[in-house]
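Visitor: Below is the file model_35.pdb, with PDB, C-alpha atoms, pLDDT in the B column.
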```
ATOM      1  CA  GLU G 105     102.473 114.281  98.464  1.00 83.00           C
ATOM      2  CA  ALA G 106      99.689 111.737  98.929  1.00 81.00           C
ATOM      3  CA  GLN G 107     101.240 108.341  99.388  1.00 92.00           C
ATOM      4  CA  VAL G 108     101.311 104.958 101.043  1.00 95.00           C
ATOM      5  CA  THR G 109     104.651 103.999 102.548  1.00 96.00           C
ATOM      6  CA  GLN G 110     105.875 100.573 103.572  1.00 97.00           C
ATOM      7  CA  ASN G 111     108.900  99.529 105.557  1.00 97.00           C
ATOM      8  CA  PRO G 112     111.092  97.704 105.077  1.00 97.00           C
ATOM      9  CA  ARG G 113     111.174  97.434 101.285  1.00 96.00           C
ATOM     10  CA  TYR G 114     113.271  94.275 101.416  1.00 97.00           C
ATOM     11  CA  LEU G 115     113.628  91.765 104.214  1.00 97.00           C
ATOM     12  CA  ILE G 116     115.360  88.421 104.522  1.00 97.00           C
ATOM     13  CA  THR G 117     114.616  86.512 107.698  1.00 96.00           C
ATOM     14  CA  VAL G 118     114.585  83.003 109.103  1.00 97.00           C
ATOM     15  CA  THR G 119     111.720  80.699 109.958  1.00 97.00           C
ATOM     16  CA  GLY G 120     110.034  81.498 113.244  1.00 97.00           C
ATOM     17  CA  LYS G 121     111.482  84.947 113.823  1.00 97.00           C
ATOM     18  CA  LYS G 122     108.631  87.374 114.391  1.00 97.00           C
ATOM     19  CA  LEU G 123     108.535  90.360 112.087  1.00 97.00           C
ATOM     20  CA  THR G 124     106.372  93.381 111.376  1.00 98.00           C
ATOM     21  CA  VAL G 125     105.949  95.225 108.109  1.00 98.00           C
ATOM     22  CA  THR G 126     104.695  98.747 108.639  1.00 98.00           C
ATOM     23  CA  CYS G 127     102.281 100.623 106.417  1.00 98.00           C
ATOM     24  CA  SER G 128     101.309 104.252 106.690  1.00 98.00           C
ATOM     25  CA  GLN G 129      99.105 106.541 104.589  1.00 96.00           C
ATOM     26  CA  ASN G 130      98.795 110.316 104.740  1.00 95.00           C
ATOM     27  CA  MET G 131      95.435 110.660 102.985  1.00 92.00           C
ATOM     28  CA  ASN G 132      93.142 110.144 105.980  1.00 92.00           C
ATOM     29  CA  HIS G 133      91.695 107.050 104.294  1.00 91.00           C
ATOM     30  CA  GLU G 134      89.305 104.786 106.169  1.00 89.00           C
ATOM     31  CA  TYR G 135      90.064 101.600 104.261  1.00 90.00           C
ATOM     32  CA  MET G 136      93.419  99.860 104.321  1.00 92.00           C
ATOM     33  CA  SER G 137      94.404  96.436 103.019  1.00 93.00           C
ATOM     34  CA  TRP G 138      97.301  94.039 102.775  1.00 96.00           C
ATOM     35  CA  TYR G 139      97.917  91.875  99.711  1.00 96.00           C
ATOM     36  CA  ARG G 140     100.509  89.342  98.750  1.00 96.00           C
ATOM     37  CA  GLN G 141     101.564  88.852  95.170  1.00 94.00           C
ATOM     38  CA  ASP G 142     102.942  85.546  93.949  1.00 90.00           C
ATOM     39  CA  PRO G 143     103.811  84.405  90.411  1.00 82.00           C
ATOM     40  CA  GLY G 144     100.827  82.794  88.744  1.00 77.00           C
ATOM     41  CA  LEU G 145      98.514  83.668  91.624  1.00 80.00           C
ATOM     42  CA  GLY G 146      98.147  87.406  91.198  1.00 83.00           C
ATOM     43  CA  LEU G 147      97.219  89.660  94.097  1.00 90.00           C
ATOM     44  CA  ARG G 148      95.476  88.016  97.028  1.00 92.00           C
ATOM     45  CA  GLN G 149      94.028  89.956  99.904  1.00 92.00           C
ATOM     46  CA  ILE G 150      95.322  89.004 103.342  1.00 95.00           C
ATOM     47  CA  TYR G 151      93.450  91.357 105.670  1.00 94.00           C
ATOM     48  CA  TYR G 152      91.620  94.621 105.350  1.00 91.00           C
ATOM     49  CA  SER G 153      90.421  97.308 107.719  1.00 92.00           C
ATOM     50  CA  MET G 154      87.359  99.515 107.370  1.00 88.00           C
ATOM     51  CA  ASN G 155      88.440 101.946 110.085  1.00 89.00           C
ATOM     52  CA  VAL G 156      90.259 102.153 113.410  1.00 94.00           C
ATOM     53  CA  GLU G 157      89.843  98.946 115.414  1.00 94.00           C
ATOM     54  CA  VAL G 158      87.799  97.330 112.603  1.00 91.00           C
ATOM     55  CA  THR G 159      89.517  94.585 110.630  1.00 93.00           C
ATOM     56  CA  ASP G 160      88.437  91.523 108.683  1.00 90.00           C
ATOM     57  CA  LYS G 161      90.022  88.572 106.957  1.00 91.00           C
ATOM     58  CA  GLY G 162      90.700  88.562 103.272  1.00 89.00           C
ATOM     59  CA  ASP G 163      91.266  85.487 101.161  1.00 88.00           C
ATOM     60  CA  VAL G 164      94.564  84.286 102.681  1.00 95.00           C
ATOM     61  CA  PRO G 165      94.756  85.395 106.346  1.00 97.00           C
ATOM     62  CA  GLU G 166      96.432  82.304 107.814  1.00 97.00           C
ATOM     63  CA  GLY G 167      99.771  83.071 109.434  1.00 97.00           C
ATOM     64  CA  TYR G 168      99.217  86.819 109.552  1.00 98.00           C
ATOM     65  CA  LYS G 169      97.916  89.343 112.032  1.00 98.00           C
ATOM     66  CA  VAL G 170      97.054  92.995 111.660  1.00 98.00           C
ATOM     67  CA  SER G 171      96.097  95.866 113.905  1.00 96.00           C
ATOM     68  CA  ARG G 172      94.536  99.274 113.301  1.00 97.00           C
ATOM     69  CA  LYS G 173      95.084 101.395 116.358  1.00 97.00           C
ATOM     70  CA  GLU G 174      95.489 104.599 114.379  1.00 96.00           C
ATOM     71  CA  LYS G 175      93.827 105.610 111.159  1.00 96.00           C
ATOM     72  CA  ARG G 176      97.062 106.176 109.279  1.00 97.00           C
ATOM     73  CA  ASN G 177      98.869 102.942 110.237  1.00 98.00           C
ATOM     74  CA  PHE G 178      98.111  99.320 109.407  1.00 98.00           C
ATOM     75  CA  PRO G 179     101.013  97.013 110.309  1.00 98.00           C
ATOM     76  CA  LEU G 180     101.217  93.425 109.104  1.00 98.00           C
ATOM     77  CA  ILE G 181     102.580  90.995 111.680  1.00 98.00           C
ATOM     78  CA  LEU G 182     104.039  87.570 111.034  1.00 98.00           C
ATOM     79  CA  GLU G 183     104.312  85.921 114.438  1.00 96.00           C
ATOM     80  CA  SER G 184     106.200  82.864 113.177  1.00 97.00           C
ATOM     81  CA  PRO G 185     107.169  83.293 109.527  1.00 98.00           C
ATOM     82  CA  SER G 186     107.503  80.235 107.327  1.00 97.00           C
ATOM     83  CA  PRO G 187     109.085  79.812 103.873  1.00 97.00           C
ATOM     84  CA  ASN G 188     105.659  79.721 102.198  1.00 97.00           C
ATOM     85  CA  GLN G 189     105.238  83.348 103.271  1.00 98.00           C
ATOM     86  CA  THR G 190     108.057  84.374 100.996  1.00 97.00           C
ATOM     87  CA  SER G 191     106.303  86.833  98.725  1.00 97.00           C
ATOM     88  CA  LEU G 192     105.876  90.411  97.583  1.00 97.00           C
ATOM     89  CA  TYR G 193     103.563  92.299  99.927  1.00 98.00           C
ATOM     90  CA  PHE G 194     101.544  95.393  99.146  1.00 97.00           C
ATOM     91  CA  CYS G 195      99.651  97.714 101.426  1.00 96.00           C
ATOM     92  CA  ALA G 196      96.813  99.795  99.997  1.00 93.00           C
ATOM     93  CA  SER G 197      94.383 102.445 101.197  1.00 92.00           C
ATOM     94  CA  SER G 198      91.190 104.025  99.925  1.00 86.00           C
ATOM     95  CA  SER G 199      88.618 106.444 101.176  1.00 80.00           C
ATOM     96  CA  SER G 200      85.210 105.875  99.714  1.00 63.00           C
ATOM     97  CA  SER G 201      82.095 104.092 100.711  1.00 54.00           C
ATOM     98  CA  ARG G 202      80.189 101.987  98.182  1.00 49.00           C
ATOM     99  CA  GLY G 203      78.625 105.123  96.824  1.00 46.00           C
ATOM    100  CA  GLY G 204      81.879 106.628  95.695  1.00 52.00           C
ATOM    101  CA  GLN G 205      84.987 105.754  93.786  1.00 57.00           C
ATOM    102  CA  ASN G 206      87.148 103.184  95.434  1.00 64.00           C
ATOM    103  CA  GLU G 207      90.540 104.129  94.111  1.00 75.00           C
ATOM    104  CA  GLN G 208      92.996 102.105  96.112  1.00 81.00           C
ATOM    105  CA  PHE G 209      96.427 103.653  96.448  1.00 88.00           C
ATOM    106  CA  PHE G 210      99.137 101.033  96.707  1.00 92.00           C
ATOM    107  CA  GLY G 211     102.451 101.231  98.485  1.00 95.00           C
ATOM    108  CA  PRO G 212     105.733 100.368  96.745  1.00 94.00           C
ATOM    109  CA  GLY G 213     105.817  96.806  98.054  1.00 96.00           C
ATOM    110  CA  THR G 214     107.895  94.785 100.514  1.00 97.00           C
ATOM    111  CA  ARG G 215     109.792  91.804  99.228  1.00 97.00           C
ATOM    112  CA  LEU G 216     110.032  89.236 102.012  1.00 98.00           C
ATOM    113  CA  THR G 217     112.184  86.113 101.934  1.00 98.00           C
ATOM    114  CA  VAL G 218     111.834  83.560 104.711  1.00 97.00           C
ATOM    115  CA  LEU G 219     114.674  81.037 104.847  1.00 96.00           C
TER
ATOM    116  CA  GLY T 274      84.677  79.619  94.549  1.00 35.00           C
ATOM    117  CA  GLU T 275      83.987  82.937  92.857  1.00 38.00           C
ATOM    118  CA  SER T 276      86.927  84.349  90.967  1.00 43.00           C
ATOM    119  CA  VAL T 277      88.009  86.939  88.493  1.00 48.00           C
ATOM    120  CA  GLY T 278      90.095  85.755  85.553  1.00 46.00           C
ATOM    121  CA  LEU T 279      91.594  86.900  82.282  1.00 41.00           C
ATOM    122  CA  HIS T 280      91.254  85.418  78.808  1.00 45.00           C
ATOM    123  CA  LEU T 281      94.741  86.359  77.603  1.00 48.00           C
ATOM    124  CA  PRO T 282      97.787  86.259  79.803  1.00 83.00           C
ATOM    125  CA  THR T 283      99.987  88.152  77.306  1.00 91.00           C
ATOM    126  CA  LEU T 284      99.344  90.742  74.645  1.00 93.00           C
ATOM    127  CA  SER T 285     101.880  92.249  72.249  1.00 95.00           C
ATOM    128  CA  VAL T 286     101.034  95.292  70.157  1.00 95.00           C
ATOM    129  CA  GLN T 287     102.792  97.865  68.022  1.00 96.00           C
ATOM    130  CA  GLU T 288     103.103 101.429  69.192  1.00 96.00           C
ATOM    131  CA  GLY T 289     100.117 103.431  68.022  1.00 96.00           C
ATOM    132  CA  ASP T 290      97.771 100.470  67.834  1.00 96.00           C
ATOM    133  CA  ASN T 291      94.759 100.110  70.072  1.00 96.00           C
ATOM    134  CA  SER T 292      94.931  97.448  72.799  1.00 96.00           C
ATOM    135  CA  ILE T 293      92.105  95.448  74.286  1.00 96.00           C
ATOM    136  CA  ILE T 294      92.582  93.529  77.513  1.00 96.00           C
ATOM    137  CA  ASN T 295      89.811  91.192  78.612  1.00 94.00           C
ATOM    138  CA  CYS T 296      88.578  89.917  81.938  1.00 93.00           C
ATOM    139  CA  ALA T 297      85.886  87.383  82.822  1.00 91.00           C
ATOM    140  CA  TYR T 298      84.251  87.477  86.214  1.00 85.00           C
ATOM    141  CA  SER T 299      82.148  84.765  87.773  1.00 76.00           C
ATOM    142  CA  ASN T 300      80.183  86.579  90.460  1.00 84.00           C
ATOM    143  CA  SER T 301      77.137  87.942  88.675  1.00 86.00           C
ATOM    144  CA  ALA T 302      76.248  89.984  91.751  1.00 85.00           C
ATOM    145  CA  SER T 303      79.470  92.026  91.702  1.00 86.00           C
ATOM    146  CA  ASP T 304      78.620  95.658  91.237  1.00 85.00           C
ATOM    147  CA  TYR T 305      81.977  97.412  91.091  1.00 87.00           C
ATOM    148  CA  PHE T 306      85.036  96.747  88.956  1.00 91.00           C
ATOM    149  CA  ILE T 307      88.453  98.320  88.717  1.00 92.00           C
ATOM    150  CA  TRP T 308      91.385  98.113  86.325  1.00 94.00           C
ATOM    151  CA  TYR T 309      94.921  98.474  87.633  1.00 94.00           C
ATOM    152  CA  LYS T 310      98.266  98.849  85.897  1.00 95.00           C
ATOM    153  CA  GLN T 311     101.422  97.488  87.473  1.00 94.00           C
ATOM    154  CA  GLU T 312     104.807  98.442  86.114  1.00 93.00           C
ATOM    155  CA  SER T 313     107.871  96.415  86.909  1.00 89.00           C
ATOM    156  CA  GLY T 314     109.031  96.967  90.479  1.00 88.00           C
ATOM    157  CA  LYS T 315     106.064  99.102  91.452  1.00 91.00           C
ATOM    158  CA  GLY T 316     102.740  98.717  93.157  1.00 92.00           C
ATOM    159  CA  PRO T 317      99.475  98.567  91.186  1.00 92.00           C
ATOM    160  CA  GLN T 318      98.143 101.895  89.992  1.00 92.00           C
ATOM    161  CA  PHE T 319      94.465 102.692  89.545  1.00 90.00           C
ATOM    162  CA  ILE T 320      93.444 103.237  85.920  1.00 93.00           C
ATOM    163  CA  ILE T 321      89.677 103.345  85.759  1.00 93.00           C
ATOM    164  CA  ASP T 322      86.634 101.885  87.444  1.00 91.00           C
ATOM    165  CA  ILE T 323      83.044 101.143  86.514  1.00 93.00           C
ATOM    166  CA  ARG T 324      79.857 100.335  88.381  1.00 90.00           C
ATOM    167  CA  SER T 325      77.382  97.709  87.284  1.00 90.00           C
ATOM    168  CA  ASN T 326      74.755 100.317  86.408  1.00 91.00           C
ATOM    169  CA  MET T 327      77.000 101.442  83.550  1.00 94.00           C
ATOM    170  CA  ASP T 328      78.079  99.707  80.337  1.00 96.00           C
ATOM    171  CA  LYS T 329      80.925 101.994  79.410  1.00 97.00           C
ATOM    172  CA  ARG T 330      83.184 104.513  80.988  1.00 96.00           C
ATOM    173  CA  GLN T 331      85.896 106.569  79.370  1.00 96.00           C
ATOM    174  CA  GLY T 332      89.046 108.078  80.739  1.00 93.00           C
ATOM    175  CA  GLN T 333      92.096 109.558  79.150  1.00 91.00           C
ATOM    176  CA  ARG T 334      93.008 107.152  76.306  1.00 95.00           C
ATOM    177  CA  VAL T 335      91.279 104.322  78.184  1.00 97.00           C
ATOM    178  CA  THR T 336      87.782 102.926  78.014  1.00 97.00           C
ATOM    179  CA  VAL T 337      86.261 100.210  80.163  1.00 97.00           C
ATOM    180  CA  LEU T 338      83.362  98.179  78.853  1.00 97.00           C
ATOM    181  CA  LEU T 339      81.147  96.039  81.026  1.00 97.00           C
ATOM    182  CA  ASN T 340      78.927  93.306  79.602  1.00 95.00           C
ATOM    183  CA  LYS T 341      76.865  91.961  82.462  1.00 92.00           C
ATOM    184  CA  THR T 342      75.065  89.462  80.251  1.00 93.00           C
ATOM    185  CA  VAL T 343      78.225  87.439  79.693  1.00 93.00           C
ATOM    186  CA  LYS T 344      80.065  88.692  82.794  1.00 92.00           C
ATOM    187  CA  HIS T 345      82.850  90.245  80.797  1.00 94.00           C
ATOM    188  CA  LEU T 346      84.990  93.309  81.373  1.00 95.00           C
ATOM    189  CA  SER T 347      87.429  94.854  78.945  1.00 97.00           C
ATOM    190  CA  LEU T 348      89.977  97.643  78.991  1.00 97.00           C
ATOM    191  CA  GLN T 349      90.666  99.460  75.758  1.00 98.00           C
ATOM    192  CA  ILE T 350      93.787 101.565  75.427  1.00 97.00           C
ATOM    193  CA  ALA T 351      93.877 103.923  72.473  1.00 97.00           C
ATOM    194  CA  ALA T 352      97.103 104.718  70.609  1.00 97.00           C
ATOM    195  CA  THR T 353      99.148 102.425  72.829  1.00 97.00           C
ATOM    196  CA  GLN T 354     102.545 103.762  73.816  1.00 96.00           C
ATOM    197  CA  PRO T 355     105.685 101.999  75.066  1.00 95.00           C
ATOM    198  CA  GLY T 356     104.959 103.470  78.500  1.00 95.00           C
ATOM    199  CA  ASP T 357     101.772 101.419  78.579  1.00 97.00           C
ATOM    200  CA  SER T 358     103.823  98.219  78.804  1.00 96.00           C
ATOM    201  CA  ALA T 359     102.888  96.673  82.136  1.00 96.00           C
ATOM    202  CA  VAL T 360     100.756  94.020  83.779  1.00 94.00           C
ATOM    203  CA  TYR T 361      97.069  94.886  83.862  1.00 95.00           C
ATOM    204  CA  PHE T 362      94.721  93.524  86.513  1.00 93.00           C
ATOM    205  CA  CYS T 363      90.992  93.638  86.809  1.00 93.00           C
ATOM    206  CA  ALA T 364      89.393  93.483  90.253  1.00 90.00           C
ATOM    207  CA  GLU T 365      85.861  93.094  91.521  1.00 88.00           C
ATOM    208  CA  ASN T 366      84.069  94.046  94.707  1.00 82.00           C
ATOM    209  CA  PRO T 367      81.196  91.669  95.418  1.00 73.00           C
ATOM    210  CA  PRO T 368      78.258  93.432  97.109  1.00 69.00           C
ATOM    211  CA  THR T 369      77.871  90.771  99.748  1.00 57.00           C
ATOM    212  CA  THR T 370      81.269  91.630 101.170  1.00 58.00           C
ATOM    213  CA  SER T 371      82.586  94.656 102.921  1.00 58.00           C
ATOM    214  CA  TYR T 372      83.529  97.405 100.551  1.00 57.00           C
ATOM    215  CA  GLY T 373      87.208  97.061 101.351  1.00 64.00           C
ATOM    216  CA  LYS T 374      87.398  93.538  99.947  1.00 72.00           C
ATOM    217  CA  LEU T 375      88.642  93.175  96.402  1.00 79.00           C
ATOM    218  CA  THR T 376      89.261  90.057  94.356  1.00 84.00           C
ATOM    219  CA  PHE T 377      91.896  90.416  91.650  1.00 87.00           C
ATOM    220  CA  GLY T 378      92.322  88.573  88.385  1.00 86.00           C
ATOM    221  CA  GLN T 379      95.584  86.918  87.399  1.00 84.00           C
ATOM    222  CA  GLY T 380      96.815  89.750  85.214  1.00 89.00           C
ATOM    223  CA  THR T 381      97.652  90.299  81.532  1.00 92.00           C
ATOM    224  CA  ILE T 382     101.108  91.294  80.395  1.00 92.00           C
ATOM    225  CA  LEU T 383     100.952  94.035  77.772  1.00 96.00           C
ATOM    226  CA  THR T 384     104.082  94.590  75.695  1.00 96.00           C
ATOM    227  CA  VAL T 385     104.212  97.555  73.342  1.00 96.00           C
ATOM    228  CA  HIS T 386     106.811  97.418  70.586  1.00 94.00           C
ATOM    229  CA  PRO T 387     108.191 100.696  69.188  1.00 90.00           C
TER
END
```
What's the structure tokens form of this structure?
Guide:
Amino acid sequence: EAQVTQNPRYLITVTGKKLTVTCSQNMNHEYMSWYRQDPGLGLRQIYYSMNVEVTDKGDVPEGYKVSRKEKRNFPLILESPSPNQTSLYFCASSSSSRGGQNEQFFGPGTRLTVL
Amino acid sequence: GESVGLHLPTLSVQEGDNSIINCAYSNSASDYFIWYKQESGKGPQFIIDIRSNMDKRQGQRVTVLLNKTVKHLSLQIAATQPGDSAVYFCAENPPTTSYGKLTFGQGTILTVHP
């Protein structure tokens, strides 16, 4: 089954304790993205990756890091989480170039609470 | 800055009616638009997309209309069903950015009453 998986689905942590949220897709997609979703603010892109070792900042990259060492994986790293990073996080992947359909497949989400 | 927004944050309809969800975008150079549906507790799900060289595109029970003159996008859902109740987002991909970058609107809550 084609899917995007995220782990963990729920996480409660404390300020300053480094954490990683994993994301994996089994569709051989080139593009992968991370979003955060907050009430009243909708979905905001954090980082995205066009392919292995190619990443770029989205709209809200501060406080986050990403890496793309393998095509299927795109982990989101919070080196020193703060309470304002409490949010619902989504990973997404897609395959096409600008000439094709850009259907982004989203993962189920990770709800993060930073105390 | 450039943004994608929605005219109506909530929409309530009766089962069987047609629904229209609107979206205004500000970047006149955007050339690709997508509608997503997000059900409670789930990630967004692709519904339909449209490129700027088209005015209309139809899917199964859904139609997207693009009016470039007034920078307006709409999603029409025919014979709305209770299972259509969700939050609907429009998103745009400005051509000056990498293709992986999407900007989402705030979302419209659609409630379908039986």
Visitor: Output the contact residues of chain G with respect to chain T at a cut-off of 8 Å, based on only C-alpha atoms, as a list in words.
Guide: Tyr135, Met136, Ser137, Gly144, Leu145, Gly146, Leu147, Arg148, Gln149, Tyr152, Ser153, Met154, Gly162, Phe194, Ser201, Arg202, Gln205, Glu207, Gln208, Phe209, Phe210, Gly211, Pro212 and Gly213 of chain G
Visitor: Between G:Thr214, G:Thr117, G:Thr124, G:Gln110, which has the minimum distance to G:Arg140 (counting only C-alpha atoms)?
Guide: G:Thr214
Visitor: Report, in Å with one decimal, the straight-line distance from atom CA of T:Glu365 to atom CA of G:Pro187.
Guide: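 If I compute the distance from atom CA of T:Glu365 to atom CA of G:Pro187, I get 29.5 Å.
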Visitor: With all atoms listed in the file counted, which protein, DNA or RNA residues have an atom no more than 12 Å from (105.9, 104.4, 76.0) in the file frame? Please answer as an mmCIF file with C-alpha atoms, in the frame of the given file.
Guide:
```cif
data_model
loop_
_atom_site.group_PDB
_atom_site.id
_atom_site.type_symbol
_atom_site.label_atom_id
_atom_site.label_comp_id
_atom_site.auth_asym_id
_atom_site.auth_seq_id
_atom_site.Cartn_x
_atom_site.Cartn_y
_atom_site.Cartn_z
ATOM 1 C CA VAL T 286 101.034 95.292 70.157
ATOM 2 C CA GLN T 287 102.792 97.865 68.022
ATOM 3 C CA GLU T 288 103.103 101.429 69.192
ATOM 4 C CA GLY T 289 100.117 103.431 68.022
ATOM 5 C CA GLU T 312 104.807 98.442 86.114
ATOM 6 C CA ALA T 352 97.103 104.718 70.609
ATOM 7 C CA THR T 353 99.148 102.425 72.829
ATOM 8 C CA GLN T 354 102.545 103.762 73.816
ATOM 9 C CA PRO T 355 105.685 101.999 75.066
ATOM 10 C CA GLY T 356 104.959 103.470 78.500
ATOM 11 C CA ASP T 357 101.772 101.419 78.579
ATOM 12 C CA SER T 358 103.823 98.219 78.804
ATOM 13 C CA ALA T 359 102.888 96.673 82.136
ATOM 14 C CA LEU T 383 100.952 94.035 77.772
ATOM 15 C CA THR T 384 104.082 94.590 75.695
ATOM 16 C CA VAL T 385 104.212 97.555 73.342
ATOM 17 C CA HIS T 386 106.811 97.418 70.586
ATOM 18 C CA PRO T 387 108.191 100.696 69.188
#
```
Visitor: Find the residues near G:Glu157: any atom within 12 Å, counting all atoms listed in the file, skip ones fewer than 4 places away on the same chain, and give them as an MDAnalysis selection string.
Guide: chainID G and resid 134:136 152:153 170:178
Visitor: Build an axis-aligned box that encloses every atom of stretch 287-296 of chain T listed in the file, pad it by 4 Å on each side, and report its centre and edge lengths in Å to one decimal, as AutoDock Vina command-line options.
Guide:
```
--center_x 95.8 --center_y 96.7 --center_z 74.9 --size_x 22.5 --size_y 21.5 --size_z 22.1
```
Visitor: Determine, counting only C-alpha atoms, which protein, DNA and RNA residues have an atom within 12 Å of an atom of T:Asn340; residues of the same chain fewer than 3 positions away are not included. Present the result as a PyMOL selection string.
Guide: chain T and resi 295-298+301+304+306+323-329+337+343-348
Visitor: Do you have the atom CA of T:Ile382-atom CA of T:Asp290 distance handy?
Guide: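 So the answer is 15.9 Å.
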Visitor: Which distance in Å separates atom CA of G:Val125 and atom CA of G:Val164, to one decimal?
Guide: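 Interatomic distance here is 16.7 Å.
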Visitor: Just want the 12 Å neighbourhood of G:Glu105, counted on only C-alpha atoms, with same-chain residues fewer than 6 positions away dropped. Output as a tab-separated table (two decimals) with C-alpha atoms, keeping the file's coordinate frame.
Guide:
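Result file selection.tsv:
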```
chain	number	residue	atom	x	y	z
G	129	GLN	CA	99.10	106.54	104.59
G	130	ASN	CA	98.80	110.32	104.74
G	131	MET	CA	95.44	110.66	102.98
```
Visitor: Which residue is closest to G:Tyr168? Choose from G:Ala196, G:Asn132, G:Val156, G:Lys122 and count all atoms listed in the file.
Guide: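 Under the stated criterion, the closest residue is G:Lys122.
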Visitor: Given the choices G:Gln107, G:Ser128, G:Gln141, G:Thr217, which gets closest to G:Pro185 if the distance is worked out from all atoms listed in the file?
Guide: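 Comparing G:Gln107, G:Ser128, G:Gln141, G:Thr217 against G:Pro185, the winner is G:Thr217.
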Visitor: Pick from G:Asn188, G:Asp142, G:Pro165, G:Ser198: nearest to G:Ala106, with only C-alpha atoms counted?
Guide: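 Among the listed residues, G:Ser198 lies closest to G:Ala106.
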Visitor: I need the output of the PyMOL selection byres ((chain G and resi 215) around 7) for this file as a list in words; which residues are they?
Guide: Arg113, Tyr114, Leu115, Ser191, Leu192, Tyr193, Gly213, Thr214, Leu216 and Thr217 of chain G
Visitor: Could you complete stretch 167-172 of chain G so that it carries all heavy atoms, and give it back as a PDB file, in the frame of the given file?
Guide:
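New file selection_30.pdb:
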```pdb
ATOM      1  N   GLY G 167      98.367  82.768 109.177  1.00 97.00           N
ATOM      2  CA  GLY G 167      99.771  83.071 109.434  1.00 97.00           C
ATOM      3  C   GLY G 167     100.072  84.553 109.575  1.00 97.00           C
ATOM      4  O   GLY G 167     101.234  84.929 109.768  1.00 97.00           O
ATOM      5  N   TYR G 168      99.033  85.365 109.473  1.00 98.00           N
ATOM      6  CA  TYR G 168      99.217  86.819 109.552  1.00 98.00           C
ATOM      7  C   TYR G 168      98.309  87.417 110.617  1.00 98.00           C
ATOM      8  O   TYR G 168      97.260  86.874 110.934  1.00 98.00           O
ATOM      9  CB  TYR G 168      98.874  87.479 108.210  1.00 98.00           C
ATOM     10  CG  TYR G 168      99.640  86.960 107.030  1.00 98.00           C
ATOM     11  CD1 TYR G 168      99.116  85.941 106.233  1.00 98.00           C
ATOM     12  CD2 TYR G 168     100.895  87.481 106.700  1.00 98.00           C
ATOM     13  CE1 TYR G 168      99.822  85.450 105.145  1.00 98.00           C
ATOM     14  CE2 TYR G 168     101.597  87.005 105.621  1.00 98.00           C
ATOM     15  CZ  TYR G 168     101.054  85.987 104.835  1.00 98.00           C
ATOM     16  OH  TYR G 168     101.755  85.509 103.762  1.00 98.00           O
ATOM     17  N   LYS G 169      98.743  88.536 111.137  1.00 98.00           N
ATOM     18  CA  LYS G 169      97.916  89.343 112.032  1.00 98.00           C
ATOM     19  C   LYS G 169      98.034  90.789 111.609  1.00 98.00           C
ATOM     20  O   LYS G 169      99.032  91.189 110.998  1.00 98.00           O
ATOM     21  CB  LYS G 169      98.403  89.206 113.480  1.00 98.00           C
ATOM     22  CG  LYS G 169      98.077  87.893 114.153  1.00 98.00           C
ATOM     23  CD  LYS G 169      98.700  87.814 115.543  1.00 98.00           C
ATOM     24  CE  LYS G 169      98.277  88.950 116.447  1.00 98.00           C
ATOM     25  NZ  LYS G 169      98.857  88.825 117.816  1.00 98.00           N
ATOM     26  N   VAL G 170      97.017  91.562 111.941  1.00 98.00           N
ATOM     27  CA  VAL G 170      97.054  92.995 111.660  1.00 98.00           C
ATOM     28  C   VAL G 170      96.481  93.728 112.868  1.00 98.00           C
ATOM     29  O   VAL G 170      95.831  93.138 113.723  1.00 98.00           O
ATOM     30  CB  VAL G 170      96.241  93.387 110.409  1.00 98.00           C
ATOM     31  CG1 VAL G 170      96.872  92.845 109.141  1.00 98.00           C
ATOM     32  CG2 VAL G 170      94.783  92.926 110.536  1.00 98.00           C
ATOM     33  N   SER G 171      96.725  95.017 112.899  1.00 96.00           N
ATOM     34  CA  SER G 171      96.097  95.866 113.905  1.00 96.00           C
ATOM     35  C   SER G 171      95.846  97.229 113.292  1.00 96.00           C
ATOM     36  O   SER G 171      96.545  97.648 112.369  1.00 96.00           O
ATOM     37  CB  SER G 171      96.972  95.989 115.153  1.00 96.00           C
ATOM     38  OG  SER G 171      98.150  96.735 114.868  1.00 96.00           O
ATOM     39  N   ARG G 172      94.844  97.929 113.795  1.00 97.00           N
ATOM     40  CA  ARG G 172      94.536  99.274 113.301  1.00 97.00           C
ATOM     41  C   ARG G 172      94.195 100.145 114.512  1.00 97.00           C
ATOM     42  O   ARG G 172      93.049 100.425 114.812  1.00 97.00           O
ATOM     43  CB  ARG G 172      93.359  99.209 112.320  1.00 97.00           C
ATOM     44  CG  ARG G 172      93.103 100.526 111.595  1.00 97.00           C
ATOM     45  CD  ARG G 172      93.864 100.649 110.327  1.00 97.00           C
ATOM     46  NE  ARG G 172      93.676 101.915 109.663  1.00 97.00           N
ATOM     47  CZ  ARG G 172      92.671 102.188 108.812  1.00 97.00           C
ATOM     48  NH1 ARG G 172      91.757 101.265 108.571  1.00 97.00           N
ATOM     49  NH2 ARG G 172      92.600 103.364 108.238  1.00 97.00           N
TER      50      ARG G 172
END
```
